[in-house]
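Containing mmCIF, C-alpha atoms: target.cif.
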data_protein
loop_
_atom_site.label_atom_id
_atom_site.label_comp_id
_atom_site.auth_asym_id
_atom_site.auth_seq_id
_atom_site.Cartn_x
_atom_site.Cartn_y
_atom_site.Cartn_z
CA ARG E 1 33.73 21.12 0.78
CA MET E 2 31.41 20.13 3.62
CA LEU E 3 29.09 18.12 1.38
CA THR E 4 31.96 16.08 -0.03
CA ASP E 5 32.93 14.99 3.49
CA PRO E 6 31.60 11.52 4.48
CA LYS E 7 30.03 13.16 7.55
CA ALA E 8 27.46 14.72 5.21
CA ASP E 9 25.98 11.23 4.76
CA GLU E 10 24.26 11.88 8.10
CA LEU E 11 21.86 14.18 6.25
CA GLY E 12 20.48 11.02 4.67
CA HIS E 13 20.71 8.71 7.67
CA SER E 14 19.29 11.24 10.15
CA PHE E 15 17.48 14.13 8.47
CA ALA E 16 15.90 12.30 5.52
CA ALA E 17 15.17 9.25 7.69
CA GLN E 18 13.28 11.49 10.12
CA TRP E 19 11.45 13.41 7.39
CA PHE E 20 10.26 10.29 5.56
CA SER E 21 10.08 7.99 8.64
CA THR E 22 12.25 5.37 6.91
CA ARG E 23 14.21 4.70 10.10
CA LEU E 24 11.15 2.69 11.21
CA ILE E 25 12.01 0.00 8.64
CA GLY E 26 13.55 -2.95 10.46
CA ASN E 27 12.70 -1.47 13.84
CA ARG E 28 8.99 -0.87 14.39
CA ILE E 29 8.16 -2.13 10.89
CA ARG E 30 9.29 -5.65 10.05
CA LEU E 31 7.76 -8.98 9.01
CA ASP E 32 8.00 -12.37 10.68
CA PRO E 33 11.14 -13.92 9.14
CA ILE E 34 9.70 -17.43 9.45
CA ASP E 35 6.65 -16.70 7.29
CA ASN E 36 8.50 -14.15 5.13
CA PRO E 37 12.07 -15.44 4.66
CA TRP E 38 12.63 -12.91 1.85
CA CYS E 39 12.28 -9.98 4.32
CA THR E 40 15.80 -10.11 5.72
CA ASP E 41 17.64 -7.62 7.90
CA SER E 42 19.98 -6.93 4.98
CA LEU E 43 17.02 -6.13 2.69
CA MET E 44 15.54 -3.69 5.19
CA ALA E 45 18.96 -2.07 5.67
CA ALA E 46 19.20 -1.63 1.89
CA MET E 47 15.73 -0.06 1.85
CA ARG E 48 16.77 2.52 4.42
CA GLU E 49 20.08 3.11 2.66
CA GLU E 50 18.40 3.69 -0.70
CA THR E 51 16.44 6.67 0.59
CA ALA E 52 19.42 8.06 2.52
CA MET E 53 21.82 7.83 -0.42
CA PHE E 54 19.24 9.22 -2.83
CA PHE E 55 18.58 12.30 -0.69
CA VAL E 56 22.26 13.07 -0.17
CA SER E 57 22.86 12.70 -3.92
CA LEU E 58 20.38 15.50 -4.57
CA LEU E 59 22.44 17.79 -2.34
CA ARG E 60 25.87 16.74 -3.57
CA ASP E 61 24.86 17.00 -7.23
CA ASN E 62 23.01 20.30 -6.63
CA ARG E 63 19.85 18.86 -8.15
CA PRO E 64 16.55 20.78 -8.26
CA ILE E 65 13.96 20.03 -5.57
CA SER E 66 11.70 18.62 -8.31
CA ASP E 67 14.07 15.62 -8.49
CA LEU E 68 12.80 14.60 -5.07
CA VAL E 69 9.77 13.33 -6.98
CA GLY E 70 10.93 13.19 -10.59
CA ALA E 71 14.45 11.71 -10.50
CA ASN E 72 15.16 8.91 -13.00
CA TYR E 73 17.64 7.03 -10.82
CA THR E 74 17.95 5.44 -7.40
CA TYR E 75 20.37 3.34 -5.35
CA MET E 76 20.16 -0.42 -4.87
CA ASN E 77 22.09 -3.63 -4.47
CA GLU E 78 21.37 -7.10 -5.80
CA GLU E 79 18.98 -8.12 -3.01
CA LEU E 80 16.93 -4.92 -3.19
CA ALA E 81 16.85 -5.00 -6.99
CA ARG E 82 15.83 -8.66 -7.19
CA THR E 83 13.34 -8.79 -4.29
CA LEU E 84 11.45 -5.51 -4.50
CA TYR E 85 12.29 -3.86 -7.82
CA ARG E 86 12.38 -7.22 -9.64
CA MET E 87 15.32 -6.08 -11.75
CA ASP E 88 18.11 -8.30 -13.07
CA GLY E 89 21.71 -7.51 -13.91
CA ILE E 90 22.68 -5.97 -10.55
CA GLU E 91 25.09 -8.09 -8.55
CA GLY E 92 26.66 -7.90 -5.12
CA GLU E 93 25.90 -6.40 -1.74
CA THR E 94 27.25 -2.91 -2.52
CA MET E 95 24.68 -0.16 -3.00
CA ARG E 96 25.19 1.66 -6.28
CA ARG E 97 23.43 4.23 -8.44
CA VAL E 98 21.09 2.69 -11.01
CA ALA E 99 19.31 4.46 -13.87
CA LEU E 100 15.55 3.84 -14.07
CA ASN E 101 13.74 3.67 -17.41
CA ASN E 102 10.34 2.89 -15.93
CA PRO E 103 8.27 6.12 -15.61
CA ASN E 104 6.48 4.66 -12.59
CA ARG E 105 9.76 4.35 -10.72
CA GLY E 106 12.09 7.11 -9.58
CA GLY E 107 11.75 9.68 -6.86
CA ILE E 108 10.81 9.33 -3.23
CA LEU E 109 7.22 8.18 -3.88
CA SER E 110 8.28 4.93 -5.54
CA GLN E 111 10.94 3.89 -3.04
CA PRO E 112 10.06 0.71 -1.12
CA ALA E 113 10.98 2.21 2.28
CA VAL E 114 8.50 5.09 1.87
CA LEU E 115 5.82 2.81 0.42
CA THR E 116 6.22 0.43 3.36
CA VAL E 117 5.99 3.03 6.13
CA THR E 118 2.81 4.34 4.48
CA SER E 119 1.16 0.92 4.40
CA SER E 120 -0.63 -1.22 6.96
CA HIS E 121 0.51 -4.70 7.95
CA PHE E 122 0.22 -6.90 4.84
CA ASP E 123 -1.96 -4.31 3.09
CA THR E 124 -1.65 -0.96 1.39
CA SER E 125 -3.33 2.15 2.77
CA PRO E 126 -4.41 4.84 0.29
CA ILE E 127 -5.27 7.00 3.30
CA LYS E 128 -1.76 6.81 4.83
CA ARG E 129 -0.10 7.35 1.47
CA GLY E 130 -2.39 10.25 0.64
CA ILE E 131 -1.65 11.91 3.98
CA PHE E 132 2.07 11.39 3.39
CA VAL E 133 1.91 13.28 0.08
CA LEU E 134 -0.13 16.13 1.56
CA ASP E 135 1.67 16.42 4.88
CA GLN E 136 5.29 15.36 4.38
CA LEU E 137 5.84 16.20 0.72
CA LEU E 138 3.64 19.28 0.23
CA GLY E 139 3.38 20.59 3.79
CA THR E 140 -0.41 20.89 3.50
CA PRO E 141 -1.76 18.37 6.02
CA PRO E 142 -5.48 17.62 5.91
CA PRO E 143 -7.58 18.61 8.93
CA PRO E 144 -7.86 15.99 11.69
CA PRO E 145 -10.74 13.55 11.27
CA PRO E 146 -13.95 14.21 13.22
CA PRO E 147 -14.15 12.42 16.60
CA ASP E 148 -16.65 9.85 15.32
CA ALA E 149 -14.85 9.09 12.04
CA GLY E 150 -13.40 5.74 13.13
CA GLU E 151 -12.14 2.90 10.97
CA ILE E 152 -14.01 1.18 8.14
CA SER E 153 -16.86 -0.64 9.84
CA GLU E 154 -16.81 -4.41 10.16
CA LYS E 155 -20.06 -4.55 8.16
CA ILE E 156 -18.41 -2.85 5.17
CA GLU E 157 -15.15 -4.77 5.64
CA GLN E 158 -16.93 -8.12 5.30
CA ILE E 159 -18.63 -7.33 1.97
CA GLU E 160 -17.14 -9.80 -0.50
CA GLY E 161 -16.31 -8.83 -4.06
CA LEU E 162 -15.55 -5.19 -3.28
CA SER E 163 -12.09 -3.70 -3.61
CA TYR E 164 -10.61 -1.65 -0.77
CA ARG E 165 -11.27 1.41 -2.91
CA GLU E 166 -14.99 0.57 -3.14
CA LYS E 167 -15.17 -0.14 0.59
CA LEU E 168 -13.47 3.18 1.29
CA ALA E 169 -16.05 4.93 -0.90
CA LEU E 170 -18.84 3.44 1.21
CA HIS E 171 -17.03 4.43 4.39
CA SER E 172 -16.62 8.03 3.22
CA SER E 173 -20.19 8.39 1.93
CA ASP E 174 -21.00 10.46 5.01
CA ALA E 175 -20.62 14.17 4.24
CA SER E 176 -18.39 14.78 7.27
CA CYS E 177 -15.96 12.12 6.02
CA ARG E 178 -16.22 12.86 2.30
CA ALA E 179 -14.67 16.33 2.45
CA CYS E 180 -11.38 15.04 3.88
CA HIS E 181 -11.25 11.79 1.91
CA ALA E 182 -11.72 13.73 -1.34
CA GLN E 183 -8.44 15.52 -0.55
CA ILE E 184 -6.52 12.50 0.72
CA ASP E 185 -7.56 9.34 -1.09
CA PRO E 186 -6.78 10.24 -4.75
CA PHE E 187 -3.06 10.55 -4.01
CA GLY E 188 -3.12 7.11 -2.39
CA PHE E 189 -5.16 5.51 -5.17
CA ALA E 190 -2.53 6.55 -7.73
CA LEU E 191 0.05 4.52 -5.78
CA GLU E 192 -2.04 1.36 -5.38
CA ASN E 193 0.03 -0.59 -7.90
CA PHE E 194 2.75 -0.71 -5.24
CA ASP E 195 2.02 -3.33 -2.60
CA TYR E 196 2.71 -2.99 1.12
CA PHE E 197 6.48 -3.47 0.56
CA GLY E 198 6.80 -1.46 -2.64
CA ARG E 199 6.62 -4.30 -5.16
CA TRP E 200 4.74 -3.61 -8.39
CA ARG E 201 1.43 -5.43 -8.98
CA ASP E 202 -1.35 -5.16 -11.56
CA PHE E 203 -4.04 -7.08 -9.66
CA TYR E 204 -5.41 -7.54 -6.17
CA GLY E 205 -4.85 -11.26 -5.76
CA ARG E 206 -5.14 -12.89 -9.17
CA ARG E 207 -8.41 -11.55 -10.53
CA GLN E 208 -9.27 -7.98 -9.58
CA GLU E 209 -7.45 -5.41 -11.69
CA ILE E 210 -6.18 -2.38 -9.80
CA ASP E 211 -7.80 0.96 -10.58
CA ASN E 212 -5.08 3.59 -10.17
CA SER E 213 -7.08 6.51 -11.56
CA ALA E 214 -7.61 9.53 -9.36
CA GLN E 215 -9.61 12.75 -9.36
CA LEU E 216 -9.24 15.55 -6.84
CA ALA E 217 -12.08 17.74 -5.60
CA SER E 218 -10.65 20.49 -7.85
CA GLY E 219 -11.35 18.29 -10.88
CA ALA E 220 -7.69 17.49 -11.58
CA ARG E 221 -7.19 13.94 -12.85
CA PHE E 222 -4.16 11.66 -12.99
CA SER E 223 -3.46 7.93 -13.12
CA GLY E 224 -0.77 5.80 -11.56
CA PRO E 225 2.56 6.81 -10.06
CA SER E 226 3.81 8.44 -13.27
CA GLY E 227 0.65 10.53 -13.57
CA LEU E 228 0.87 11.56 -9.91
CA LYS E 229 4.49 12.66 -10.35
CA GLU E 230 3.59 14.72 -13.43
CA PHE E 231 0.73 16.38 -11.55
CA LEU E 232 2.91 17.27 -8.54
CA LEU E 233 5.71 18.67 -10.68
CA ALA E 234 3.36 20.73 -12.84
CA GLY E 235 0.87 21.95 -10.25
CA ARG E 236 2.35 21.67 -6.75
CA HIS E 237 6.01 22.49 -7.27
CA GLU E 238 5.96 25.66 -5.15
CA GLU E 239 4.57 23.73 -2.18
CA MET E 240 7.31 21.12 -2.52
CA VAL E 241 9.96 23.86 -2.52
CA ARG E 242 8.47 25.51 0.58
CA GLN E 243 8.22 22.20 2.43
CA ALA E 244 11.81 21.22 1.66
CA THR E 245 12.94 24.68 2.77
CA GLN E 246 11.02 24.50 6.03
CA LYS E 247 12.15 20.95 6.83
CA LEU E 248 15.84 21.72 6.26
CA LEU E 249 15.64 25.04 8.13
CA ALA E 250 13.99 23.44 11.17
CA TYR E 251 16.63 20.69 11.16
CA ALA E 252 19.44 23.24 10.87
CA LEU E 253 18.06 25.36 13.71
CA GLY E 254 17.20 22.37 15.87
CA ARG E 255 13.74 23.67 16.69
CA GLN E 256 10.21 24.03 15.38
CA LEU E 257 9.71 26.97 13.02
CA GLU E 258 7.67 29.93 14.24
CA PHE E 259 5.81 32.78 12.53
CA TYR E 260 8.85 35.05 12.82
CA ASP E 261 10.86 32.65 10.63
CA GLU E 262 8.68 33.52 7.63
CA PRO E 263 11.01 36.27 6.27
CA ALA E 264 13.94 33.84 6.29
CA ILE E 265 11.86 31.18 4.51
CA ARG E 266 10.82 33.66 1.82
CA GLU E 267 14.40 34.82 1.32
CA ILE E 268 15.60 31.23 0.88
CA GLU E 269 12.76 30.52 -1.57
CA SER E 270 13.62 33.57 -3.67
CA LYS E 271 17.24 32.45 -3.89
CA LEU E 272 16.16 28.95 -4.85
CA GLU E 273 13.93 30.31 -7.60
CA ALA E 274 16.83 32.32 -9.02
CA ASP E 275 19.06 29.21 -9.05
#
Take the structure in the file and give it back as structure tokens.
Amino acid sequence: RMLTDPKADELGHSFAAQWFSTRLIGNRIRLDPIDNPWCTDSLMAAMREETAMFFVSLLRDNRPISDLVGANYTYMNEELARTLYRMDGIEGETMRRVALNNPNRGGILSQPAVLTVTSSHFDTSPIKRGIFVLDQLLGTPPPPPPPDAGEISEKIEQIEGLSYREKLALHSSDASCRACHAQIDPFGFALENFDYFGRWRDFYGRRQEIDNSAQLASGARFSGPSGLKEFLLAGRHEEMVRQATQKLLAYALGRQLEFYDEPAIREIESKLEAD
């Protein structure tokens, strides 16, 4: 009864927007409308709304937590479909549910709002996207970087002919950097086909083909968004369940979770596993 009430939409506009940082779209994250006339306020509103409506649909339809990553549908209107998804046949300003037949689309990791907040200005960031998967989706944040880690050096940045992936490999060649980057970067590399606003691409520019293959320190391999989703659903499902449980519980209680909340978390997880 409570979920069918329109007030439950706030779980998407507030809770999900906080969890996935999508409320930054159109506020802290926006492009110059003069140089980028396609990046309108209405487009950015649709981006935020897509994630909000998608999350609430999981609750209202009593979908499994795995659909957070593996769902085969999303919500969009004509502008969002045409500009970022590059899909035809969707008309009007109204957001509506749309089935997705592309295995690389579907789920939170392929939504433009999430892909944008995990990018840098006019460029993707495998590091930010990798940290998002580990921290926000799995609840297993990597350790903080060492004090002297810094950004990619100007010397490496100016090497022509190298992809960002190759430059990042040079940057992380130091042993103190390599340990963390081996955990983080593969998740981001798998999402490199999505540009800084979530549009699909096969090349950097016009010539350099994107390498979306990934290998974790454990030896696990996957390629592209579809491969990443399959890996998460097969091998990291329990972590996704725990993270969703903890995020919702903290939101419901209005406070940070403490060690003494562990019994409640385990009880909720056991009930989820049974249903």
**OP:** Given the file shown, determine the residues that the PyMOL selection byres ((chain E and resi 254-269) around 12) selects; report them as a PyMOL selection string.
**Re:** chain E and resi 15+65+237-253+270-275
Original post:
Nearest to Asp195 (chain E): which of E:Leu228, E:Leu3, E:Ala113, E:Ala214 is it, counting all atoms listed in the file?
Top reply: E:Ala113
Original post:
What does the distance from CA of Phe189 (chain E) to CA of Asn212 (chain E) come to in Å, to one decimal?
Top reply: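 Result for CA of Phe189 (chain E) versus CA of Asn212 (chain E): 5.4 Å, one decimal.
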**OP:** Counting only C-alpha atoms, figure out which residue out of E:Pro112, E:Pro186, E:Gly198, E:Gly92 gets nearest to Thr22 (chain E).
**Re:**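 Smallest distance to Thr22 (chain E) is found for E:Pro112.
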Subject >> Residues selected by the PyMOL selection byres ((chain E and resi 68) around 8), written as a VMD selection string >> reply: chain E and resid 55 58 64 to 67 69 to 71 107 to 108
Original post:
For the file shown, what are the residues hit by the PyMOL selection byres ((chain E and resi 72) around 9), laid out as a ChimeraX atom specification?
Top reply: /E:67,70-71,73-74,98-103,105-107
Grab the residues selected above and save them as a PDB file, keeping the file's coordinate frame with C-alpha atoms.
ATOM      1  CA  ASP E  67      14.070  15.620  -8.490  1.00  0.00           C
ATOM      2  CA  GLY E  70      10.930  13.190 -10.590  1.00  0.00           C
ATOM      3  CA  ALA E  71      14.450  11.710 -10.500  1.00  0.00           C
ATOM      4  CA  TYR E  73      17.640   7.030 -10.820  1.00  0.00           C
ATOM      5  CA  THR E  74      17.950   5.440  -7.400  1.00  0.00           C
ATOM      6  CA  VAL E  98      21.090   2.690 -11.010  1.00  0.00           C
ATOM      7  CA  ALA E  99      19.310   4.460 -13.870  1.00  0.00           C
ATOM      8  CA  LEU E 100      15.550   3.840 -14.070  1.00  0.00           C
ATOM      9  CA  ASN E 101      13.740   3.670 -17.410  1.00  0.00           C
ATOM     10  CA  ASN E 102      10.340   2.890 -15.930  1.00  0.00           C
ATOM     11  CA  PRO E 103       8.270   6.120 -15.610  1.00  0.00           C
ATOM     12  CA  ARG E 105       9.760   4.350 -10.720  1.00  0.00           C
ATOM     13  CA  GLY E 106      12.090   7.110  -9.580  1.00  0.00           C
ATOM     14  CA  GLY E 107      11.750   9.680  -6.860  1.00  0.00           C
TER      15      GLY E 107
END
Original post:
By how many Å are CA of Arg201 (chain E) and CA of Phe222 (chain E) apart?
Top reply: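 It comes out at 18.4 Å.
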Original post:
CA of Leu134 (chain E) and CA of Leu11 (chain E), how far apart in Å?
Top reply: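 Spanning CA of Leu11 (chain E) to CA of Leu134 (chain E) is a straight-line distance of 22.6 Å.
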**OP:** Rank E:Glu10, E:Glu79, E:Glu91, E:Asp123 by their smallest atom-to-atom distance to Met44 (chain E), using only C-alpha atoms, and report the top residue only.
**Re:**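 Result for the nearest residue to Met44 (chain E): E:Glu79.
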Subject >> Within-9 Å shell of (-9.1, 16.4, -7.0) in input frame, all atoms listed in the file, as a PyMOL selection string >> reply: chain E and resi 182-183+186-187+214-221
Subject >> Shortest interatomic distance to Asp9 (chain E) - which of E:Arg60, E:Arg199, E:Arg178, E:Lys229, counting all atoms listed in the file >> reply: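 With all atoms listed in the file as the atom set, the closest residue is E:Arg60.
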**OP:** Give the answer as one residue: which of E:Trp200, E:Gly205, E:Arg96, E:Thr83 has the shortest atom-to-atom distance to Asn36 (chain E), using all atoms listed in the file?
**Re:**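 With all atoms listed in the file as the atom set, the closest residue is E:Thr83.
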Original post:
For Pro143 (chain E), which residue out of E:Ser120, E:Cys180, E:Ala52, E:Lys128 is the nearest one, using all atoms listed in the file?
Top reply: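 For Pro143 (chain E), the nearest of the given residues is E:Cys180.
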Residue completion, region 97-118 of chain E, N, CA and C atoms, as a compact mmCIF listing (two decimals), in the coordinates of the input:
# COMPACT_ATOMS: atom_id res chain seq x y z
N ARG E 97 24.42 3.45 -7.70
CA ARG E 97 23.43 4.23 -8.44
C ARG E 97 22.99 3.47 -9.68
N VAL E 98 21.65 3.44 -9.89
CA VAL E 98 21.09 2.69 -11.01
C VAL E 98 20.10 3.58 -11.74
N ALA E 99 20.25 3.68 -13.06
CA ALA E 99 19.31 4.46 -13.87
C ALA E 99 17.99 3.70 -13.98
N LEU E 100 16.88 4.43 -13.99
CA LEU E 100 15.55 3.84 -14.07
C LEU E 100 14.87 4.29 -15.36
N ASN E 101 14.43 3.34 -16.15
CA ASN E 101 13.74 3.67 -17.41
C ASN E 101 12.23 3.55 -17.29
N ASN E 102 11.78 3.06 -16.16
CA ASN E 102 10.34 2.89 -15.93
C ASN E 102 9.76 4.19 -15.39
N PRO E 103 8.81 4.84 -16.07
CA PRO E 103 8.27 6.12 -15.61
C PRO E 103 7.54 6.03 -14.27
N ASN E 104 7.14 4.83 -13.87
CA ASN E 104 6.48 4.66 -12.59
C ASN E 104 7.46 4.55 -11.42
N ARG E 105 8.73 4.41 -11.74
CA ARG E 105 9.76 4.35 -10.72
C ARG E 105 10.59 5.63 -10.77
N GLY E 106 11.28 5.91 -9.67
CA GLY E 106 12.09 7.11 -9.58
C GLY E 106 11.46 8.12 -8.65
N GLY E 107 12.27 8.72 -7.81
CA GLY E 107 11.75 9.68 -6.86
C GLY E 107 11.30 9.01 -5.58
N ILE E 108 11.07 9.82 -4.57
CA ILE E 108 10.81 9.33 -3.23
C ILE E 108 9.52 8.52 -3.14
N LEU E 109 8.52 8.83 -3.99
CA LEU E 109 7.22 8.18 -3.88
C LEU E 109 7.20 6.74 -4.39
N SER E 110 8.25 6.32 -5.07
CA SER E 110 8.28 4.93 -5.54
C SER E 110 9.32 4.09 -4.81
N GLN E 111 9.93 4.64 -3.78
CA GLN E 111 10.94 3.89 -3.04
C GLN E 111 10.28 2.96 -2.02
N PRO E 112 10.69 1.69 -1.99
CA PRO E 112 10.06 0.71 -1.12
C PRO E 112 9.98 1.13 0.35
N ALA E 113 11.00 1.81 0.87
CA ALA E 113 10.98 2.21 2.28
C ALA E 113 9.81 3.14 2.56
N VAL E 114 9.60 4.13 1.69
CA VAL E 114 8.50 5.09 1.87
C VAL E 114 7.16 4.39 1.67
N LEU E 115 7.07 3.53 0.67
CA LEU E 115 5.82 2.81 0.42
C LEU E 115 5.47 1.86 1.56
N THR E 116 6.47 1.34 2.24
CA THR E 116 6.22 0.43 3.36
C THR E 116 5.76 1.17 4.60
N VAL E 117 6.39 2.30 4.93
CA VAL E 117 5.99 3.03 6.13
C VAL E 117 4.62 3.69 5.96
N THR E 118 4.14 3.78 4.71
CA THR E 118 2.81 4.34 4.48
C THR E 118 1.79 3.25 4.17
